[in-house]
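Below is the file coords.txt, which contains compact mmCIF, C-alpha atoms.
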# COMPACT_ATOMS: atom_id res chain seq x y z
CA MET A 1 0.00 0.00 0.00
CA PRO A 2 1.45 3.28 -1.00
CA ALA A 3 1.84 5.87 1.71
CA VAL A 4 -1.00 8.38 1.76
CA LYS A 5 0.32 11.65 0.53
CA ILE A 6 -0.90 14.57 2.54
CA LYS A 7 -1.93 17.28 0.21
CA ARG A 8 0.02 20.34 1.11
CA ALA A 9 -1.96 23.54 1.31
CA SER A 10 -0.78 26.12 -1.12
CA SER A 11 1.06 28.98 0.52
CA THR A 12 0.04 31.40 -2.19
CA VAL A 13 -1.94 34.27 -0.76
CA ASP A 14 -4.58 35.65 -3.01
CA MET A 15 -3.66 39.27 -3.37
CA THR A 16 -6.59 40.23 -5.55
CA ALA A 17 -8.78 41.41 -2.68
CA MET A 18 -5.99 43.41 -1.14
CA CYS A 19 -5.23 44.95 -4.47
CA ASP A 20 -8.87 45.92 -4.88
CA VAL A 21 -8.91 47.63 -1.52
CA ALA A 22 -5.66 49.45 -2.18
CA PHE A 23 -6.84 50.86 -5.45
CA LEU A 24 -10.26 51.72 -4.08
CA LEU A 25 -8.60 53.81 -1.37
CA LEU A 26 -6.26 55.29 -3.91
CA THR A 27 -9.14 56.38 -6.11
CA PHE A 28 -10.85 57.91 -3.10
CA PHE A 29 -7.79 59.89 -2.08
CA ILE A 30 -7.13 61.11 -5.58
CA LEU A 31 -10.69 62.30 -6.00
CA THR A 32 -10.93 64.05 -2.65
CA ALA A 33 -7.40 65.40 -2.68
CA GLN A 34 -6.74 69.05 -2.20
CA PHE A 35 -3.10 69.64 -2.58
CA ARG A 36 -1.25 71.46 0.07
CA SER A 37 -0.15 74.64 -1.55
CA GLN A 38 3.23 76.15 -1.05
CA ASP A 39 2.71 78.84 1.52
CA ALA A 40 4.86 81.88 2.02
CA ALA A 41 5.18 81.05 5.70
CA THR A 42 4.02 78.37 8.06
CA ILE A 43 1.28 79.56 10.33
CA GLU A 44 0.13 77.54 13.28
CA THR A 45 -3.38 78.55 14.09
CA PRO A 46 -4.94 78.39 17.52
CA SER A 47 -7.84 76.00 17.94
CA SER A 48 -11.45 76.70 18.76
CA ILE A 49 -14.62 74.73 19.27
CA SER A 50 -16.26 76.45 16.35
CA GLY A 51 -17.48 73.91 13.84
CA ILE A 52 -17.96 76.25 10.90
CA LYS A 53 -15.83 75.14 8.00
CA VAL A 54 -13.83 77.54 5.91
CA PRO A 55 -15.44 77.95 2.49
CA ASP A 56 -13.61 76.35 -0.44
CA SER A 57 -13.89 79.05 -3.02
CA ASP A 58 -14.12 82.82 -3.19
CA ILE A 59 -11.91 83.35 -0.23
CA MET A 60 -9.31 85.94 0.59
CA THR A 61 -6.81 84.88 3.20
CA ILE A 62 -4.84 87.31 5.27
CA GLY A 63 -2.10 85.52 7.08
CA LEU A 64 -0.42 86.79 10.21
CA GLY A 65 2.90 85.13 10.89
CA ARG A 66 4.43 84.62 14.31
CA ASP A 67 6.84 87.47 13.72
CA GLY A 68 4.00 89.79 12.79
CA LYS A 69 4.49 89.64 9.06
CA VAL A 70 1.34 89.94 7.03
CA TYR A 71 0.68 87.68 4.05
CA PHE A 72 -2.06 87.93 1.52
CA GLY A 73 -3.65 85.55 -0.92
CA ILE A 74 -6.82 84.94 -2.89
CA ASP A 75 -8.00 81.63 -4.17
CA ASN A 76 -8.47 81.72 -7.92
CA ALA A 77 -5.65 82.04 -10.48
CA GLN A 78 -7.81 84.16 -12.80
CA ASN A 79 -8.71 86.46 -9.97
CA ARG A 80 -5.08 86.80 -8.98
CA ILE A 81 -4.18 88.05 -12.43
CA ALA A 82 -7.13 90.46 -12.41
CA MET A 83 -6.06 91.68 -8.98
CA LEU A 84 -2.50 92.22 -10.14
CA ASP A 85 -3.74 94.14 -13.18
CA ASN A 86 -5.86 96.33 -10.95
CA ILE A 87 -3.11 97.12 -8.53
CA ALA A 88 -0.59 97.67 -11.33
CA ALA A 89 -2.92 100.23 -12.88
CA ALA A 90 -3.43 101.95 -9.55
CA LYS A 91 0.26 102.09 -8.74
CA GLY A 92 1.49 102.83 -12.25
CA LEU A 93 3.43 99.60 -12.60
CA THR A 94 3.57 97.14 -15.47
CA PHE A 95 3.99 93.41 -15.30
CA THR A 96 4.93 91.16 -18.20
CA ASN A 97 2.79 88.17 -19.10
CA ASN A 98 5.37 85.85 -17.60
CA GLU A 99 5.33 87.70 -14.31
CA LYS A 100 1.55 87.61 -14.26
CA LYS A 101 1.60 83.89 -14.86
CA GLU A 102 4.12 83.44 -12.10
CA PHE A 103 1.99 85.53 -9.78
CA SER A 104 -1.13 83.53 -10.56
CA LEU A 105 0.60 80.42 -9.23
CA MET A 106 1.36 81.91 -5.83
CA SER A 107 -1.22 81.03 -3.24
CA ASN A 108 -0.05 83.79 -0.96
CA PHE A 109 2.78 86.24 -0.63
CA GLY A 110 4.18 88.80 1.74
CA LEU A 111 6.01 91.38 -0.28
CA PRO A 112 5.80 95.12 -0.64
CA ILE A 113 4.57 96.07 -4.09
CA ASN A 114 7.88 97.56 -5.19
CA GLN A 115 9.69 94.27 -4.51
CA LEU A 116 7.11 92.13 -6.24
CA LYS A 117 8.40 92.55 -9.77
CA SER A 118 11.96 91.54 -8.98
CA TYR A 119 10.71 88.59 -6.95
CA LEU A 120 8.53 87.33 -9.78
CA SER A 121 11.42 87.43 -12.26
CA LEU A 122 13.56 85.16 -10.08
CA PRO A 123 13.74 81.46 -10.93
CA LYS A 124 11.64 79.13 -8.78
CA GLU A 125 14.47 77.79 -6.63
CA GLN A 126 15.61 81.25 -5.69
CA GLN A 127 12.10 82.42 -4.92
CA ALA A 128 11.87 79.86 -2.17
CA LYS A 129 15.02 81.27 -0.59
CA VAL A 130 13.82 84.85 -0.47
CA LYS A 131 12.73 85.94 2.97
CA GLN A 132 9.44 87.67 2.42
CA PRO A 133 9.25 90.79 4.56
CA GLY A 134 5.47 90.90 4.80
CA ILE A 135 2.98 93.40 3.46
CA PRO A 136 3.19 96.81 5.11
CA THR A 137 0.29 97.73 7.39
CA ASP A 138 -0.28 100.40 9.98
CA SER A 139 -2.56 101.06 12.87
CA THR A 140 -4.81 103.58 11.21
CA GLY A 141 -5.62 101.33 8.31
CA ALA A 142 -5.90 104.11 5.77
CA ALA A 143 -2.43 105.61 5.49
CA PRO A 144 -0.81 105.60 2.03
CA THR A 145 1.92 103.30 3.32
CA ASN A 146 -0.62 100.65 4.16
CA GLU A 147 -0.38 98.30 1.19
CA LEU A 148 -2.67 95.66 2.62
CA LYS A 149 -5.48 98.12 2.10
CA ASP A 150 -4.67 98.30 -1.62
CA TRP A 151 -4.54 94.53 -1.96
CA VAL A 152 -7.84 94.05 -0.20
CA PHE A 153 -9.46 96.76 -2.28
CA ASN A 154 -8.15 95.43 -5.59
CA ALA A 155 -8.92 91.84 -4.73
CA ARG A 156 -12.51 92.78 -4.06
CA LYS A 157 -12.55 94.72 -7.29
CA ALA A 158 -11.42 91.58 -9.11
CA ASN A 159 -13.99 89.39 -7.40
CA ASN A 160 -16.76 91.03 -5.50
CA GLY A 161 -17.92 87.89 -3.74
CA LEU A 162 -14.73 87.30 -1.81
CA ARG A 163 -15.10 86.33 1.80
CA ILE A 164 -12.36 87.29 4.15
CA ALA A 165 -10.53 84.85 6.33
CA LEU A 166 -7.90 85.80 8.83
CA LYS A 167 -5.29 83.25 9.64
CA GLY A 168 -3.18 84.22 12.57
CA ASP A 169 -0.35 82.40 14.25
CA ASN A 170 -0.52 81.37 17.89
CA LEU A 171 2.37 83.60 18.80
CA ALA A 172 1.47 86.65 16.76
CA LYS A 173 1.22 89.64 19.02
CA PHE A 174 -2.06 91.45 19.37
CA PRO A 175 -0.93 94.85 17.98
CA GLU A 176 -0.21 93.26 14.62
CA PHE A 177 -3.64 91.75 14.56
CA LYS A 178 -5.01 95.17 15.44
CA ASN A 179 -3.33 96.65 12.38
CA VAL A 180 -5.00 94.12 10.12
CA LEU A 181 -8.30 94.71 11.86
CA ALA A 182 -7.94 98.46 11.43
CA THR A 183 -7.20 97.99 7.73
CA LEU A 184 -10.35 95.98 7.25
CA GLN A 185 -12.47 98.31 9.31
CA ALA A 186 -11.21 101.29 7.40
CA GLN A 187 -12.80 99.71 4.33
CA ASN A 188 -15.98 99.05 6.19
CA ILE A 189 -15.47 95.32 6.34
CA ASN A 190 -16.99 94.34 9.62
CA LYS A 191 -17.55 90.66 9.23
CA PHE A 192 -14.87 88.09 8.66
CA ASN A 193 -13.73 84.65 9.65
CA LEU A 194 -10.86 83.70 11.88
CA ILE A 195 -9.33 80.44 10.74
CA THR A 196 -8.71 78.09 13.63
CA GLY A 197 -7.97 74.47 14.19
CA THR A 198 -10.69 72.21 15.48
CA GLU A 199 -10.93 71.38 19.12
CA ALA A 200 -13.46 69.24 20.94
CA PRO A 201 -15.91 71.27 23.02
CA PRO A 202 -16.02 70.51 26.75
CA ALA A 203 -18.15 67.57 27.84
CA GLY A 204 -21.83 68.31 27.92
CA TRP A 205 -21.55 71.37 25.73
CA LYS A 206 -24.19 71.78 23.08
CA ALA A 207 -24.42 74.30 20.32
CA ASP A 208 -27.66 76.20 20.19
CA MET B 1 7.40 36.88 -3.57
CA ALA B 2 4.31 35.70 -1.81
CA GLU B 3 4.46 32.29 -3.42
CA ILE B 4 6.46 29.22 -2.57
CA ASN B 5 6.60 26.49 -5.14
CA THR B 6 5.11 23.38 -3.72
CA GLY B 7 3.85 20.93 -6.35
CA GLY B 8 6.25 18.89 -8.40
CA GLY B 9 4.91 20.08 -11.70
CA GLY B 10 4.96 18.03 -14.85
CA GLY B 11 6.73 14.96 -13.58
CA LYS B 12 6.18 11.40 -14.71
CA HIS B 13 2.80 9.98 -13.96
CA ASP B 14 1.63 6.43 -13.79
CA GLY B 15 0.79 6.18 -17.42
CA GLY B 16 4.27 7.20 -18.40
CA LYS B 17 3.11 9.91 -20.72
CA VAL B 18 5.14 13.07 -20.58
CA ARG B 19 2.89 16.04 -20.30
CA SER B 20 3.94 19.58 -20.94
CA LYS B 21 4.01 21.73 -17.85
CA LYS B 22 0.91 23.89 -17.62
CA ALA B 23 1.59 27.53 -16.97
CA SER B 24 -0.22 28.84 -13.95
CA THR B 25 -3.01 31.26 -14.78
CA ARG B 26 -2.53 33.05 -11.51
CA VAL B 27 -0.99 36.49 -11.75
CA ASP B 28 1.18 37.59 -8.89
CA MET B 29 -0.50 40.68 -7.51
CA THR B 30 2.15 41.55 -4.94
CA PRO B 31 3.95 44.30 -6.86
CA MET B 32 0.62 45.80 -7.81
CA VAL B 33 -0.44 45.94 -4.16
CA ASP B 34 2.91 47.44 -3.27
CA LEU B 35 2.45 50.15 -5.83
CA GLY B 36 -1.12 50.77 -4.70
CA PHE B 37 -0.15 51.33 -1.10
CA LEU B 38 2.83 53.42 -2.05
CA LEU B 39 0.54 55.80 -3.93
CA ILE B 40 -1.96 55.82 -1.08
CA THR B 41 0.77 56.81 1.33
CA PHE B 42 1.85 59.56 -0.99
CA PHE B 43 -1.65 60.95 -1.33
CA ILE B 44 -2.30 60.82 2.38
CA LEU B 45 0.86 62.76 3.09
CA ALA B 46 0.49 65.27 0.28
CA THR B 47 -3.06 66.34 1.01
CA THR B 48 -4.66 68.25 3.79
CA LEU B 49 -7.07 65.95 5.47
CA SER B 50 -8.82 67.92 8.14
CA LYS B 51 -10.18 71.19 6.93
CA PRO B 52 -9.65 74.01 9.35
CA SER B 53 -12.71 75.48 10.96
CA SER B 54 -13.36 79.13 11.39
CA MET B 55 -15.06 81.41 13.84
CA THR B 56 -16.88 84.45 12.64
CA LEU B 57 -16.02 87.79 14.11
CA ASN B 58 -18.32 90.74 13.75
CA VAL B 59 -16.99 94.11 14.66
CA PRO B 60 -19.09 97.26 14.97
CA ASP B 61 -19.16 99.74 12.17
CA LYS B 62 -16.70 102.51 12.87
CA THR B 63 -18.26 104.99 10.50
CA LYS B 64 -21.47 105.48 12.41
CA THR B 65 -22.06 105.92 16.10
CA GLU B 66 -25.09 104.56 17.78
CA GLU B 67 -26.59 105.90 20.94
CA THR B 68 -26.96 103.16 23.45
CA GLU B 69 -28.14 103.05 27.01
CA PRO B 70 -25.27 103.21 29.49
CA ILE B 71 -24.46 99.97 31.28
CA LYS B 72 -24.09 99.79 35.00
CA ALA B 73 -20.39 99.60 35.70
CA SER B 74 -20.76 96.97 38.41
CA ASN B 75 -22.22 94.56 35.88
CA VAL B 76 -19.27 94.86 33.59
CA MET B 77 -16.41 92.46 33.81
CA THR B 78 -13.35 93.84 32.09
CA ILE B 79 -10.80 91.28 31.03
CA PHE B 80 -7.26 92.33 30.26
CA LEU B 81 -5.19 89.88 28.31
CA GLY B 82 -1.73 90.04 29.73
CA LYS B 83 1.56 88.35 29.07
CA ASP B 84 2.61 84.75 29.68
CA ASN B 85 -0.87 83.42 28.94
CA LYS B 86 -2.47 85.11 31.89
CA ALA B 87 -5.60 87.19 31.97
CA HIS B 88 -6.60 89.75 34.57
CA TYR B 89 -10.10 90.86 35.28
CA ILE B 90 -11.85 93.52 37.28
CA PHE B 91 -15.37 94.55 37.99
CA GLY B 92 -16.41 98.13 37.73
CA LYS B 93 -14.33 100.99 36.46
CA ALA B 94 -10.64 101.34 36.95
CA ALA B 95 -11.00 105.08 37.43
CA ASN B 96 -13.13 105.89 40.44
CA GLU B 97 -13.31 102.70 42.43
CA ASP B 98 -10.39 100.66 43.56
CA PRO B 99 -11.23 97.33 41.99
CA GLU B 100 -9.70 94.05 42.93
CA VAL B 101 -7.57 92.60 40.14
CA LYS B 102 -7.86 88.87 39.80
CA THR B 103 -5.54 86.80 37.66
CA VAL B 104 -6.52 83.65 35.83
CA GLY B 105 -4.93 81.36 33.32
CA TYR B 106 -6.78 80.49 30.14
CA GLY B 107 -8.85 77.37 29.93
CA TYR B 108 -10.74 75.87 32.82
CA GLU B 109 -9.87 78.53 35.40
CA PHE B 110 -11.04 81.23 33.09
CA ARG B 111 -14.27 79.50 32.21
CA GLN B 112 -15.07 78.99 35.86
CA ALA B 113 -14.51 82.65 36.65
CA LEU B 114 -16.79 83.64 33.79
CA GLN B 115 -19.55 81.28 34.79
CA GLU B 116 -19.45 82.20 38.46
CA ASN B 117 -19.57 85.90 37.77
CA ALA B 118 -22.27 85.49 35.17
CA LYS B 119 -24.37 83.73 37.78
CA LYS B 120 -23.62 86.33 40.41
CA VAL B 121 -24.57 89.27 38.24
CA GLY B 122 -27.42 87.56 36.44
CA GLY B 123 -27.10 86.31 32.89
CA GLU B 124 -28.99 89.11 31.19
CA LYS B 125 -27.19 92.01 32.77
CA PHE B 126 -23.70 90.58 32.57
CA VAL B 127 -21.42 92.29 30.07
CA VAL B 128 -17.88 91.29 29.29
CA VAL B 129 -15.37 93.72 27.87
CA ILE B 130 -12.28 92.10 26.43
CA LYS B 131 -9.23 94.27 26.28
CA PRO B 132 -6.20 92.63 24.76
CA THR B 133 -3.04 94.44 25.70
CA LYS B 134 -0.05 94.66 23.43
CA LEU B 135 1.62 91.92 25.46
CA SER B 136 -0.99 89.36 24.57
CA THR B 137 -0.93 87.10 21.56
CA TYR B 138 -3.45 86.37 18.88
CA LYS B 139 -3.99 82.95 20.44
CA ASN B 140 -5.06 84.55 23.71
CA MET B 141 -7.70 86.54 21.92
CA VAL B 142 -9.02 83.54 20.03
CA ASP B 143 -9.09 81.57 23.28
CA VAL B 144 -11.15 84.22 24.99
CA LEU B 145 -13.58 84.51 22.09
CA ASP B 146 -13.83 80.75 22.19
CA GLU B 147 -14.62 80.82 25.91
CA MET B 148 -17.41 83.24 25.13
CA ALA B 149 -18.84 80.70 22.73
CA ILE B 150 -18.44 77.91 25.27
CA THR B 151 -20.07 79.79 28.14
CA LYS B 152 -22.67 81.13 25.70
CA LEU B 153 -22.25 84.68 26.84
CA LYS B 154 -23.70 86.85 24.13
CA ARG B 155 -22.92 90.27 25.47
CA TYR B 156 -19.27 90.95 25.01
CA ALA B 157 -17.15 93.52 23.30
CA LEU B 158 -13.61 93.54 22.02
CA VAL B 159 -11.97 96.84 22.81
CA ASP B 160 -8.41 97.51 21.81
CA GLN B 161 -7.73 100.69 23.72
CA LEU B 162 -6.78 100.96 27.34
CA THR B 163 -7.60 104.06 29.31
CA ALA B 164 -4.89 105.77 31.33
CA ASP B 165 -6.51 104.56 34.55
CA GLU B 166 -6.50 101.01 33.36
CA LYS B 167 -2.87 101.23 32.39
CA LYS B 168 -2.03 102.51 35.81
CA LEU B 169 -4.10 99.84 37.48
CA LEU B 170 -2.43 97.08 35.52
CA LYS B 171 0.98 98.48 36.24
CA ASP B 172 0.32 98.76 39.96
CA LYS B 173 -1.52 95.57 40.59
CA ALA B 174 -0.60 93.13 37.87
CA LYS B 175 2.93 94.38 37.16
CA LEU B 176 2.13 94.81 33.50
CA ASP B 177 3.83 97.51 31.52
CA THR B 178 1.27 98.15 28.85

Can you turn what I pasted into structure tokens?
Amino acid sequence: MPAVKIKRASSTVDMTAMCDVAFLLLTFFILTAQFRSQDAATIETPSSISGIKVPDSDIMTIGLGRDGKVYFGIDNAQNRIAMLDNIAAAKGLTFTNNEKKEFSLMSNFGLPINQLKSYLSLPKEQQAKVKQPGIPTDSTGAAPTNELKDWVFNARKANNGLRIALKGDNLAKFPEFKNVLATLQAQNINKFNLITGTEAPPAGWKAD
Amino acid sequence: MAEINTGGGGGKHDGGKVRSKKASTRVDMTPMVDLGFLLITFFILATTLSKPSSMTLNVPDKTKTEETEPIKASNVMTIFLGKDNKAHYIFGKAANEDPEVKTVGYGYEFRQALQENAKKVGGEKFVVVIKPTKLSTYKNMVDVLDEMAITKLKRYALVDQLTADEKKLLKDKAKLDT
């Protein structure tokens, strides 16, 4: 009688299911992805219990860095070009098509207007190295040296439906925030959003 | 590879006929899975997952002045945001009375102080005036506004100017050089 051969179980693992899952997740992430844009400065926002989400489109972001530098950005590339055209006309500057294109790719920036042109003509690698000094503001909000005022005005001229979001850093000092606030108030903008991180409300707290 | 060859393959069988080895129809999915997860990892890292939330801030119109009824000073809690994540608060006016300056840290301590005082004064009459000093940070201000939302106090104002009396008071009692 021949010895009974025990049938060995195959050690092959069927990867098809795993592959399905992997690609399903991949598809999901690709479709929902919103790429992290290259920001002029990293800003760590404080957190709040507020559950209101920041709108996706038509948004103007005023950043306030930890060292008090002010950054500015609007969301749409077309609007950015229109804004640049507006401000160039107001300030008597001209930008070439290349510079405009370059500008339309920047999600935010913190440069005085007179340094903008030379910054835009720099190659990409060097742009990253430039320390952006921030947009000039002041406490009255309406002085001619306040350039944030001009940006806000021209951005709203380019797109009237812009909502304003303020993104301040944890360590930014209050006076700098006050300058931004004064700039907005001087243009009669009395309602805006403060961008914060999300934090769980205390136990038992309910929104009304 | 996730596969270990086990069977003998096309060896000699009882009949003695030599059969050609049949190619397996199974495709090895391992590299494909590897690639899939690699891309997933990339997309997770390159995207922003949690969207930031925002709190709305409404400030009064500066261009027009509205006549309002004066508020009783003893119902007003004035909060000064000082340095090193500390807040100081007083009741009443800094000018004529000699108010007691209390110091609290942000968070639980602060919330408790707000709730106790709101109860003492009576919810409807209680008014909070928030005065950030130049020593305070943006985070302090957001924290305080957040506390207002948590304690559901509706009557508060953000004032960015300190009176001379308040400056003196803070310098004397809280050692703050504003």

> What gap, in Å, lies between atom CA of B:Met141 and atom CA of B:Lys119?
Replying inline: 23.2 Å

> If you count only C-alpha atoms, which residues fall within 12 Å of A:Lys91, apart from same-chain ones fewer than 6 positions away, as a list of chain:residue names?
Replying inline: A:Leu84, A:Asp85, A:Ile113, A:Asn114, A:Pro144, A:Glu147, A:Asp150, A:Trp151, A:Asn154

>> Just checking: using all atoms listed in the file, which residue out of B:Asn140, B:Thr30, B:Thr78, B:Gln112 ends up closest to B:Val159?
In response: B:Thr78

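Using all atoms listed in the file for every distance, the candidate list B:Ile150, B:Val129, B:Leu176, B:Ala157 yields B:Ile150 as the residue closest to chain A.
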
> Which distance in Å separates atom CA of A:Val54 and atom CA of A:Ala158, to one decimal?
Replying inline: 20.7 Å

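Take the candidates A:Leu122, A:Ala41, A:Ala207, A:Thr32 and check each one against B:Thr47 using only C-alpha atoms; the shortest distance goes to A:Thr32.
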
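The interatomic distance for the pair atom CA of B:Tyr108 and atom CA of A:Thr198 works out to 17.7 Å.
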
> Taking all atoms listed in the file into account, what are the residues of chain B at most 8 Å from chain A, put as a PyMOL selection string?
Replying inline: chain B and resi 2-4+6+28-30+32-33+36-37+39-40+43-44+46-48+51-63+132-139+141-143+146+150+160

> Residues at most 10 Å from A:Lys131, counting all atoms listed in the file, excluding those fewer than 4 positions away in the same chain, as a list in words?
Replying inline: Ala40, Ala41, Gly110, Leu111 and Gln127 of chain A

> Within 7 Å of A:Ala77, counting only C-alpha atoms, which residues qualify if same-chain residues fewer than 3 places away don't, as a ChimeraX atom specification?
Replying inline: /A:80-81,104-105

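Using all atoms listed in the file, the nearest neighbour of B:Val121 within the list B:Met77, B:Lys152, B:Gly82, B:His88 is B:Met77.
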
> If we count all atoms listed in the file, what is near B:Ile79 at a cut-off of 6 Å, once residues fewer than 4 positions away on the same chain are taken out, given as a PyMOL selection string?
Replying inline: chain B and resi 88-89+130-131

Suppose we keep C-alpha atoms; can you now write the selection as a short mmCIF file (atom, residue, chain, number, x, y, z; two decimals), keeping the file's coordinate frame?
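Result file follows (out07.cif):
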data_model
loop_
_atom_site.label_atom_id
_atom_site.label_comp_id
_atom_site.auth_asym_id
_atom_site.auth_seq_id
_atom_site.Cartn_x
_atom_site.Cartn_y
_atom_site.Cartn_z
CA HIS B 88 -6.60 89.75 34.57
CA TYR B 89 -10.10 90.86 35.28
CA ILE B 130 -12.28 92.10 26.43
CA LYS B 131 -9.23 94.27 26.28
#

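Across A:Ala88, A:Ile43, A:Ala82, A:Ala142, the tightest approach to A:Gly68 is made by A:Ile43 when counting all atoms listed in the file.
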
>> Using all atoms listed in the file, which protein or nucleic acid residues come within 12 Å of B:Gly122? Drop anything in the same chain fewer than 6 positions from it, and give the result as JSON, numbers by chain.
In response: {"B": [74, 75, 76, 114, 115, 116, 153]}

Resulting file, chosen residues, C-alpha atoms, as a PDB file, in the coordinates of the input:
ATOM      1  CA  SER B  74     -20.760  96.970  38.410  1.00  0.00           C
ATOM      2  CA  ASN B  75     -22.220  94.560  35.880  1.00  0.00           C
ATOM      3  CA  VAL B  76     -19.270  94.860  33.590  1.00  0.00           C
ATOM      4  CA  LEU B 114     -16.790  83.640  33.790  1.00  0.00           C
ATOM      5  CA  GLN B 115     -19.550  81.280  34.790  1.00  0.00           C
ATOM      6  CA  GLU B 116     -19.450  82.200  38.460  1.00  0.00           C
ATOM      7  CA  LEU B 153     -22.250  84.680  26.840  1.00  0.00           C
TER       8      LEU B 153
END
